[in-house]
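To be precise, the following lines are upload29.cif, and they hold mmCIF, C-alpha atoms and all ligand atoms.
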data_upload
loop_
_atom_site.label_atom_id
_atom_site.label_comp_id
_atom_site.auth_asym_id
_atom_site.auth_seq_id
_atom_site.Cartn_x
_atom_site.Cartn_y
_atom_site.Cartn_z
CA MET O 17 -3.22 -32.98 9.56
CA SER O 18 -4.78 -34.78 6.64
CA GLY O 19 -2.43 -37.03 4.70
CA ALA O 20 -2.84 -34.90 1.59
CA ALA O 21 -1.88 -31.69 3.39
CA ALA O 22 1.00 -33.43 5.20
CA ARG O 23 2.66 -34.31 1.93
CA ALA O 24 1.42 -31.52 -0.26
CA PRO O 25 4.26 -29.74 -2.03
CA VAL O 26 4.31 -26.05 -1.09
CA ALA O 27 5.11 -23.23 -3.52
CA PHE O 28 6.68 -20.58 -1.29
CA LEU O 29 6.95 -17.12 -2.86
CA GLY O 30 9.19 -14.62 -1.05
CA THR O 31 12.41 -15.81 0.57
CA GLY O 32 13.21 -12.66 2.54
CA LEU O 33 14.08 -12.34 6.23
CA MET O 34 11.01 -14.30 7.33
CA GLY O 35 10.52 -16.52 4.30
CA ARG O 36 13.87 -18.29 4.67
CA PRO O 37 13.43 -19.57 8.25
CA MET O 38 9.77 -20.38 7.54
CA ILE O 39 10.81 -22.55 4.60
CA ARG O 40 13.27 -24.33 6.87
CA ARG O 41 10.38 -25.17 9.22
CA LEU O 42 8.32 -26.56 6.34
CA VAL O 43 11.21 -28.75 5.24
CA GLN O 44 11.73 -29.99 8.81
CA ALA O 45 8.02 -30.82 8.96
CA GLY O 46 8.42 -32.98 5.85
CA HIS O 47 6.91 -30.71 3.20
CA PRO O 48 8.53 -30.61 -0.23
CA VAL O 49 9.07 -26.90 -0.97
CA ILE O 50 9.43 -25.13 -4.30
CA ALA O 51 10.69 -21.63 -3.56
CA TRP O 52 10.82 -18.53 -5.70
CA ASN O 53 12.18 -15.07 -5.00
CA ARG O 54 12.38 -11.97 -7.20
CA THR O 55 16.07 -11.62 -6.30
CA ALA O 56 17.27 -15.11 -7.13
CA GLU O 57 20.44 -15.01 -4.99
CA LYS O 58 18.33 -14.95 -1.82
CA ALA O 59 16.64 -18.23 -2.73
CA ALA O 60 19.67 -20.13 -4.07
CA PRO O 61 21.15 -21.16 -0.64
CA LEU O 62 17.86 -22.94 0.16
CA ARG O 63 18.92 -25.68 -2.26
CA GLU O 64 21.16 -27.02 0.51
CA LEU O 65 17.98 -27.87 2.44
CA GLY O 66 16.63 -29.86 -0.47
CA VAL O 67 14.37 -27.03 -1.57
CA ARG O 68 13.69 -26.81 -5.27
CA VAL O 69 14.26 -23.23 -6.47
CA ALA O 70 12.00 -22.19 -9.33
CA ALA O 71 13.02 -19.74 -12.04
CA THR O 72 9.64 -18.02 -12.06
CA ALA O 73 6.68 -17.67 -9.72
CA ALA O 74 4.51 -19.45 -12.28
CA ASP O 75 6.95 -22.36 -12.36
CA ALA O 76 6.71 -22.71 -8.56
CA VAL O 77 2.91 -22.45 -8.52
CA THR O 78 2.55 -25.07 -11.26
CA ARG O 79 4.31 -27.64 -9.10
CA ALA O 80 2.15 -27.24 -5.97
CA GLN O 81 -1.43 -27.29 -4.80
CA VAL O 82 -0.84 -24.66 -2.13
CA VAL O 83 0.96 -21.34 -2.50
CA VAL O 84 2.38 -19.55 0.55
CA LEU O 85 3.12 -15.84 0.16
CA MET O 86 5.64 -14.02 2.39
CA LEU O 87 6.02 -10.78 0.48
CA THR O 88 6.39 -7.16 1.59
CA ASP O 89 2.95 -5.74 0.92
CA ALA O 90 -0.21 -5.94 -1.16
CA ALA O 91 1.46 -4.30 -4.16
CA ALA O 92 4.16 -6.99 -4.16
CA ILE O 93 1.54 -9.72 -3.78
CA ARG O 94 -0.41 -8.41 -6.75
CA ALA O 95 2.79 -8.07 -8.79
CA VAL O 96 3.61 -11.73 -8.12
CA LEU O 97 0.25 -13.50 -7.90
CA LEU O 98 -1.96 -11.67 -10.34
CA THR O 99 0.29 -11.66 -13.38
CA ASP O 100 -0.93 -13.10 -16.67
CA GLU O 101 1.31 -16.14 -16.11
CA VAL O 102 0.08 -16.96 -12.58
CA ARG O 103 -3.59 -15.91 -12.69
CA GLY O 104 -4.53 -18.79 -14.92
CA LEU O 105 -2.93 -21.27 -12.52
CA LEU O 106 -4.93 -20.35 -9.44
CA ALA O 107 -8.08 -22.37 -10.20
CA GLY O 108 -8.27 -25.27 -7.78
CA ARG O 109 -5.25 -24.08 -5.79
CA SER O 110 -5.05 -22.62 -2.28
CA VAL O 111 -3.26 -19.35 -1.57
CA ILE O 112 -2.07 -18.67 1.99
CA GLN O 113 -1.08 -15.02 2.42
CA MET O 114 1.23 -14.58 5.45
CA GLY O 115 2.66 -11.04 5.11
CA THR O 116 1.28 -8.02 6.95
CA ILE O 117 -1.32 -6.23 4.83
CA ALA O 118 -4.53 -4.31 5.58
CA PRO O 119 -7.82 -6.16 6.12
CA SER O 120 -9.36 -4.37 3.14
CA GLU O 121 -6.41 -5.34 0.94
CA SER O 122 -6.69 -8.95 2.07
CA ARG O 123 -10.43 -9.09 1.38
CA ALA O 124 -9.84 -7.66 -2.11
CA LEU O 125 -7.20 -10.32 -2.78
CA ALA O 126 -9.55 -13.03 -1.51
CA GLN O 127 -12.16 -11.86 -3.99
CA ASP O 128 -9.67 -11.81 -6.86
CA VAL O 129 -8.43 -15.32 -6.04
CA ALA O 130 -12.01 -16.60 -5.68
CA ASP O 131 -12.92 -15.03 -9.05
CA LEU O 132 -10.05 -17.02 -10.56
CA GLY O 133 -11.38 -20.24 -9.02
CA GLY O 134 -8.87 -20.46 -6.15
CA GLU O 135 -9.12 -20.59 -2.38
CA TYR O 136 -7.65 -17.80 -0.25
CA LEU O 137 -6.58 -17.81 3.40
CA GLU O 138 -4.75 -15.11 5.30
CA ALA O 139 -2.36 -16.14 8.04
CA PRO O 140 -0.18 -13.21 9.14
CA VAL O 141 2.26 -13.90 11.94
CA LEU O 142 3.37 -12.34 15.20
CA GLY O 143 6.99 -12.92 16.15
CA SER O 144 10.17 -12.37 14.21
CA ILE O 145 13.16 -14.31 12.85
CA PRO O 146 14.00 -16.16 16.12
CA GLU O 147 10.38 -17.30 16.47
CA ALA O 148 10.26 -18.26 12.78
CA GLU O 149 13.40 -20.37 13.29
CA ALA O 150 11.99 -22.02 16.41
CA GLY O 151 8.51 -22.58 14.97
CA THR O 152 6.95 -20.46 17.71
CA LEU O 153 5.28 -17.76 15.64
CA ILE O 154 1.68 -16.88 16.46
CA VAL O 155 -0.28 -17.50 13.27
CA MET O 156 -3.49 -15.43 13.08
CA ALA O 157 -5.63 -17.15 10.49
CA GLY O 158 -8.50 -15.44 8.73
CA ALA O 159 -10.35 -18.01 6.68
CA ALA O 160 -13.48 -20.07 6.34
CA GLU O 161 -13.42 -23.05 8.68
CA PRO O 162 -13.09 -25.75 5.96
CA ALA O 163 -10.17 -23.94 4.34
CA LEU O 164 -8.38 -23.59 7.65
CA ALA O 165 -9.09 -27.21 8.53
CA ARG O 166 -7.41 -28.20 5.26
CA TRP O 167 -4.23 -26.24 5.95
CA ARG O 168 -4.03 -25.99 9.74
CA GLY O 169 -1.48 -28.81 9.84
CA LEU O 170 0.77 -26.99 7.40
CA LEU O 171 0.46 -23.72 9.34
CA ALA O 172 1.34 -25.54 12.57
CA ALA O 173 4.89 -25.93 11.20
CA PHE O 174 5.29 -22.21 11.83
CA GLY O 175 3.82 -22.05 15.35
CA GLY O 176 0.52 -21.86 17.21
CA VAL O 177 -2.50 -21.24 15.02
CA VAL O 178 -5.28 -18.92 16.21
CA HIS O 179 -8.46 -18.74 14.13
CA ALA O 180 -9.19 -14.99 14.17
CA GLY O 181 -12.31 -15.32 12.03
CA GLU O 182 -13.05 -14.67 8.38
CA VAL O 183 -10.64 -13.23 5.84
CA GLY O 184 -9.77 -9.70 7.01
CA GLN O 185 -10.01 -10.49 10.70
CA GLY O 186 -6.60 -12.16 10.87
CA ALA O 187 -5.13 -9.12 9.10
CA ALA O 188 -6.95 -6.82 11.53
CA LEU O 189 -5.62 -8.72 14.53
CA LYS O 190 -2.08 -8.51 13.15
CA LEU O 191 -2.33 -4.76 12.52
CA ALA O 192 -3.72 -4.26 16.03
CA MET O 193 -0.62 -6.00 17.40
CA ASN O 194 1.83 -4.09 15.21
CA GLN O 195 0.34 -0.77 16.30
CA LEU O 196 1.43 -1.80 19.79
CA ILE O 197 4.95 -2.64 18.57
CA ALA O 198 5.30 0.85 17.11
CA ALA O 199 3.66 2.75 19.95
CA GLU O 200 5.40 0.84 22.76
CA THR O 201 8.83 1.10 21.17
CA ALA O 202 8.45 4.83 20.52
CA ALA O 203 7.17 5.44 24.05
CA PHE O 204 10.03 3.41 25.55
CA ALA O 205 12.68 5.25 23.51
CA LEU O 206 11.19 8.56 24.59
CA SER O 207 11.06 7.76 28.32
CA LEU O 208 14.57 6.29 28.20
CA ALA O 209 15.86 9.46 26.54
CA LEU O 210 14.23 11.76 29.10
CA ALA O 211 15.68 9.76 32.00
CA GLU O 212 19.14 9.79 30.40
CA ARG O 213 19.08 13.52 29.61
CA GLU O 214 18.15 14.20 33.25
CA GLY O 215 21.02 12.02 34.44
CA VAL O 216 18.91 9.17 35.84
CA PRO O 217 21.01 5.97 35.55
CA VAL O 218 19.63 3.56 32.96
CA GLU O 219 19.72 0.74 35.55
CA THR O 220 17.52 2.78 37.88
CA PHE O 221 15.11 3.59 35.07
CA MET O 222 14.90 -0.07 34.08
CA GLU O 223 14.63 -1.29 37.68
CA VAL O 224 11.55 0.83 38.29
CA LEU O 225 10.06 0.03 34.88
CA ARG O 226 10.57 -3.72 35.32
CA ALA O 227 8.87 -3.64 38.73
CA SER O 228 5.90 -1.69 37.39
CA ALA O 229 2.70 -2.63 35.56
CA LEU O 230 3.99 -0.58 32.60
CA TYR O 231 6.72 -3.06 31.71
CA ALA O 232 6.66 -4.96 28.41
CA PRO O 233 9.26 -7.66 27.56
CA THR O 234 10.00 -5.91 24.27
CA PHE O 235 11.68 -3.11 26.25
CA ASP O 236 14.48 -5.39 27.43
CA LYS O 237 14.72 -6.99 23.99
CA LYS O 238 15.46 -3.58 22.46
CA LEU O 239 17.47 -1.97 25.28
CA GLU O 240 20.87 -3.33 24.27
CA ARG O 241 20.54 -2.16 20.66
CA MET O 242 19.35 1.24 21.80
CA LEU O 243 22.15 1.76 24.31
CA ALA O 244 24.76 0.64 21.76
CA HIS O 245 23.07 2.63 18.93
CA ARG O 246 23.43 -0.61 16.95
CA TYR O 247 20.59 -1.31 14.54
CA GLY O 248 22.20 -3.48 11.84
CA ASP O 249 21.28 -7.13 11.11
CA PRO O 250 17.59 -6.45 11.75
CA ASN O 251 14.84 -8.88 12.64
CA PHE O 252 12.24 -6.39 11.49
CA PRO O 253 13.33 -3.38 9.44
CA THR O 254 12.18 0.19 10.17
CA ARG O 255 10.65 0.54 6.68
CA HIS O 256 8.33 -2.41 7.33
CA LEU O 257 7.13 -0.96 10.63
CA LEU O 258 6.41 2.33 8.83
CA LYS O 259 4.42 0.32 6.26
CA ASP O 260 2.36 -1.26 9.02
CA VAL O 261 1.76 2.07 10.78
CA GLU O 262 0.60 3.57 7.47
CA LEU O 263 -1.75 0.61 7.00
CA PHE O 264 -3.12 1.03 10.52
CA LEU O 265 -3.67 4.76 10.01
CA SER O 266 -5.56 4.28 6.77
CA GLU O 267 -7.71 1.51 8.23
CA ALA O 268 -8.36 3.65 11.35
CA GLU O 269 -9.52 6.50 9.13
CA ARG O 270 -11.83 4.16 7.24
CA LEU O 271 -13.29 3.00 10.56
CA GLY O 272 -13.71 6.54 11.97
CA LEU O 273 -11.09 6.13 14.71
CA ASP O 274 -8.88 8.97 15.96
CA ALA O 275 -5.36 7.52 15.69
CA GLY O 276 -3.65 10.86 16.38
CA PRO O 277 -0.87 9.51 18.63
CA LEU O 278 0.09 6.97 15.99
CA ALA O 279 0.55 9.78 13.46
CA GLY O 280 3.27 11.06 15.82
CA VAL O 281 4.93 7.66 15.79
CA ARG O 282 4.74 7.69 11.98
CA ALA O 283 6.60 11.01 11.97
CA LEU O 284 9.34 9.45 14.13
CA LEU O 285 9.60 6.43 11.82
CA ARG O 286 9.89 8.70 8.78
CA ARG O 287 12.61 10.64 10.55
CA ALA O 288 14.51 7.43 11.41
CA ILE O 289 14.32 6.48 7.73
CA ASP O 290 15.56 9.93 6.69
CA GLN O 291 18.47 9.33 9.07
CA GLY O 292 19.39 6.25 7.01
CA HIS O 293 17.73 3.50 9.07
CA ALA O 294 15.23 2.14 6.51
CA ASP O 295 16.81 -1.33 6.47
CA ASP O 296 17.91 -1.27 10.11
CA ASP O 297 16.03 -2.66 13.08
CA TYR O 298 13.02 -0.54 14.04
CA SER O 299 14.57 0.20 17.44
CA SER O 300 16.23 2.96 15.38
CA LEU O 301 13.17 4.91 16.55
CA ARG O 302 15.58 5.85 19.33
CA GLU O 303 17.68 7.92 16.93
CA ALA O 304 14.63 9.83 15.74
CA VAL O 305 13.71 10.58 19.36
CA LEU O 306 17.27 11.77 20.01
CA GLY O 307 17.02 14.05 16.98
CA ARG O 308 20.35 13.08 15.52
CA ASP O 309 19.64 14.46 12.07
CA GLY O 310 22.46 15.13 9.64
N1 LIG K 1 10.67 -9.43 9.78
C1 LIG K 1 9.75 -9.62 10.71
O1 LIG K 1 10.05 -9.65 11.92
C2 LIG K 1 8.29 -9.82 10.35
C3 LIG K 1 7.46 -10.38 11.31
C4 LIG K 1 6.11 -10.59 11.01
C5 LIG K 1 5.62 -10.21 9.77
N2 LIG K 1 6.46 -9.65 8.85
C6 LIG K 1 5.87 -9.27 7.56
O2 LIG K 1 6.17 -10.32 6.64
C7 LIG K 1 6.36 -9.79 5.31
C8 LIG K 1 7.78 -10.14 4.83
O3 LIG K 1 8.69 -9.58 5.76
P1 LIG K 1 10.27 -9.83 5.72
O4 LIG K 1 10.80 -9.30 7.00
O5 LIG K 1 10.57 -11.22 5.32
O6 LIG K 1 10.64 -8.82 4.54
P2 LIG K 1 11.87 -8.80 3.50
O7 LIG K 1 13.05 -9.50 4.04
O8 LIG K 1 11.99 -7.38 3.08
O9 LIG K 1 11.27 -9.67 2.30
C9 LIG K 1 10.29 -9.16 1.45
C10 LIG K 1 10.06 -10.11 0.31
O10 LIG K 1 9.11 -9.53 -0.61
C11 LIG K 1 9.70 -9.55 -1.91
N3 LIG K 1 9.18 -8.45 -2.72
C12 LIG K 1 9.01 -7.16 -2.34
N4 LIG K 1 8.50 -6.44 -3.35
C13 LIG K 1 8.34 -7.29 -4.39
C14 LIG K 1 7.83 -7.15 -5.70
N5 LIG K 1 7.37 -5.98 -6.17
N6 LIG K 1 7.82 -8.24 -6.50
C15 LIG K 1 8.27 -9.43 -6.05
N7 LIG K 1 8.76 -9.64 -4.81
C16 LIG K 1 8.77 -8.58 -3.98
C17 LIG K 1 11.18 -9.48 -1.67
O11 LIG K 1 11.90 -9.87 -2.80
P3 LIG K 1 13.43 -9.36 -3.03
O12 LIG K 1 14.28 -10.27 -2.18
O13 LIG K 1 13.64 -9.52 -4.46
O14 LIG K 1 13.49 -7.93 -2.56
C18 LIG K 1 11.32 -10.43 -0.49
O15 LIG K 1 11.23 -11.77 -0.93
C19 LIG K 1 6.10 -8.28 5.44
O16 LIG K 1 4.75 -8.03 5.18
C20 LIG K 1 6.41 -8.01 6.91
O17 LIG K 1 5.74 -6.85 7.39
C21 LIG K 1 7.79 -9.46 9.11
#
Rewrite the coordinates I just gave you, this time as structure tokens.
Ligand SMILES: NC(=O)c1ccc[n+]([C@@H]2O[C@H](COP(=O)([O-])OP(=O)(O)OC[C@H]3O[C@@H](n4cnc5c(N)ncnc54)[C@H](OP(=O)(O)O)[C@@H]3O)[C@@H](O)[C@H]2O)c1
Amino acid sequence: MSGAAARAPVAFLGTGLMGRPMIRRLVQAGHPVIAWNRTAEKAAPLRELGVRVAATAADAVTRAQVVVLMLTDAAAIRAVLLTDEVRGLLAGRSVIQMGTIAPSESRALAQDVADLGGEYLEAPVLGSIPEAEAGTLIVMAGAAEPALARWRGLLAAFGGVVHAGEVGQGAALKLAMNQLIAAETAAFALSLALAEREGVPVETFMEVLRASALYAPTFDKKLERMLAHRYGDPNFPTRHLLKDVELFLSEAERLGLDAGPLAGVRALLRRAIDQGHADDDYSSLREAVLGRDG
């Protein structure tokens, strides 16, 4: 890490489920952090870590050379970054976008930031709150080599950094992974439900699955929640997985891919949300499969 990047203050916008543990990692790595969040109460406790909490996004950006974004989606990013107050501050600053958005959305943002005289990198992450806390996220950077070289040290505070390619390719890699999260979890919930309804003991189902080439570690991670029908205190909420599936479907259409099976998963996610699980863990897909409406 260059000395400048090692000590560069970081404006961190978005202190949600992922933003908070990521900020903790930055602080542990020795970065001064100026945080801002739309809902101020979520940022206030960060003061105990020595984080400076800004009253506005513009106030945070003014105090740093690099801006890290961990916001819900492209609409939120635009609402925060491309306001009249912030736009004029982007010249000469670097923006590192770390949420999950579509490649086309990321490329459009890169263009807007470049037009304003700033530098844009995308660095979406694989892994959830436990990995964010441990600094073991997989960071999929999409950026020009010099820009990544400048900020690789900072990104290393979050986990292992993979250079996916240019802007858009990190976002594409992330969406490719999240399609698997959605499809695998839906498929697991469905097979589990069939086995249960036919009276096959869950242990027998899992024993065979674990011994097979079909097994994925995520199945065991989600099994306990599914069996207990307990989806509160989420690492990754159902509404965010639906967002990512929608993004994948629209990008697939743009690329001429038939993503038919994923449209079925989208229907299950919508049903889980209709059942009241929007802010619950996405393993609530199980309830949609079980058809527990009303
Ligand atoms: N959770 C995970 O496991 C995980 C893992 C990898 C990637 N991601 C991705 O990382 C991003 C953040 O996820 P998260 O789990 O941290 O989500 P979250 O807890 O819902 O946080 C979302 C953040 O975006 C802010 N926000 C949303 N709309 C806004 C708007 N219009 N204006 C200003 N701020 C706005 C929220 O502010 P308020 O607090 O005011 O609502 C909050 O700070 C998402 O793209 C998600 O898909 C999540």
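Within 7 Å of Gly186 of chain O, once all atoms listed in the file are used and residues closer than 4 positions along the same chain are dropped, the contacting residues are Glu138, Ala139, Pro140, Met156, Ala157, Gly158, Ala180, Gly181 and Lys190 of chain O.
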Item to check | Within 9 Å of ligand LIG 1 (chain K) (all atoms listed in the file), residues as an MDAnalysis selection string | outcome: chainID O and resid 29:36 52:59 85:96 114:117 140:148 153 190 194 250:253 255:257 259:260 295
Item to check | Contacts of segment 62-75 of chain O within 10 Å, only C-alpha atoms, excl. fewer than 6 positions in-chain, as a PyMOL selection string | outcome: chain O and resi 27-31+36-37+39-40+42-44+47-54+56+83+96-97+99-106
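When atom CA of Glu149 of chain O is paired with atom CA of Ile197 of chain O, their separation reads 20.3 Å.
Distances to Tyr298 of chain O were evaluated for O:Ser120, O:Ser228, O:Thr78, O:Thr234 using only C-alpha atoms, and the minimum falls at O:Thr234.
All residues of protein, DNA or RNA that reach within 10 Å of Ala24 of chain O, judged by all atoms listed in the file and not counting those fewer than 5 positions away in the chain, are O:Ser18, O:Gly19, O:Gly46, O:His47, O:Pro48, O:Val49, O:Ala80, O:Gln81, O:Val82, O:Trp167, O:Leu170.
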Checklist outcome for this item: The distance between atom CA of Arg308 of chain O and atom CA of Arg226 of chain O is 27.7 Å
Expected residue set, 12 Å radius at (11.0, -1.8, 22.8), all atoms listed in the file, as an mmCIF file with C-alpha atoms, keeping the file's coordinate frame:
data_model
loop_
_atom_site.group_PDB
_atom_site.id
_atom_site.type_symbol
_atom_site.label_atom_id
_atom_site.label_comp_id
_atom_site.auth_asym_id
_atom_site.auth_seq_id
_atom_site.Cartn_x
_atom_site.Cartn_y
_atom_site.Cartn_z
ATOM 1 C CA LEU O 196 1.430 -1.800 19.790
ATOM 2 C CA ILE O 197 4.950 -2.640 18.570
ATOM 3 C CA ALA O 198 5.300 0.850 17.110
ATOM 4 C CA ALA O 199 3.660 2.750 19.950
ATOM 5 C CA GLU O 200 5.400 0.840 22.760
ATOM 6 C CA THR O 201 8.830 1.100 21.170
ATOM 7 C CA ALA O 202 8.450 4.830 20.520
ATOM 8 C CA ALA O 203 7.170 5.440 24.050
ATOM 9 C CA PHE O 204 10.030 3.410 25.550
ATOM 10 C CA ALA O 205 12.680 5.250 23.510
ATOM 11 C CA LEU O 206 11.190 8.560 24.590
ATOM 12 C CA SER O 207 11.060 7.760 28.320
ATOM 13 C CA LEU O 208 14.570 6.290 28.200
ATOM 14 C CA TYR O 231 6.720 -3.060 31.710
ATOM 15 C CA ALA O 232 6.660 -4.960 28.410
ATOM 16 C CA PRO O 233 9.260 -7.660 27.560
ATOM 17 C CA THR O 234 10.000 -5.910 24.270
ATOM 18 C CA PHE O 235 11.680 -3.110 26.250
ATOM 19 C CA ASP O 236 14.480 -5.390 27.430
ATOM 20 C CA LYS O 237 14.720 -6.990 23.990
ATOM 21 C CA LYS O 238 15.460 -3.580 22.460
ATOM 22 C CA LEU O 239 17.470 -1.970 25.280
ATOM 23 C CA GLU O 240 20.870 -3.330 24.270
ATOM 24 C CA ARG O 241 20.540 -2.160 20.660
ATOM 25 C CA MET O 242 19.350 1.240 21.800
ATOM 26 C CA LEU O 243 22.150 1.760 24.310
ATOM 27 C CA ASP O 297 16.030 -2.660 13.080
ATOM 28 C CA TYR O 298 13.020 -0.540 14.040
ATOM 29 C CA SER O 299 14.570 0.200 17.440
ATOM 30 C CA SER O 300 16.230 2.960 15.380
ATOM 31 C CA LEU O 301 13.170 4.910 16.550
ATOM 32 C CA ARG O 302 15.580 5.850 19.330
#
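Among the candidates O:Gln113, O:Thr254, O:Thr152, O:Thr220, the one nearest to Gly184 of chain O when counting all atoms listed in the file is O:Gln113.
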Checklist outcome for this item: note - atom CA of Tyr247 of chain O and atom CA of Met38 of chain O are separated by 23.0 Å
Next on the checklist: Which residues are near Ala130 of chain O? Cut-off 12 Å, all atoms listed in the file, ignore same chain within fewer than 2 positions. Put them as a list in words.
Outcome noted: Arg103, Leu106, Ala107, Gly108, Arg109, Ser110, Val111, Arg123, Ala124, Leu125, Ala126, Gln127, Asp128, Leu132, Gly133, Gly134, Glu135, Tyr136 and Leu137 of chain O
Checklist entry - Do you know which residues are at most 6 Å from Ala304 of chain O counting all atoms listed in the file, after dropping those on the same chain fewer than 2 positions away, and could you put them as a ChimeraX atom specification? => result /O:284,287-288,301-302,306-307
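The residue that comes closest to Glu121 of chain O, out of O:Val305, O:Met193, O:Leu263, O:Leu225 and on the basis of all atoms listed in the file, is O:Leu263.
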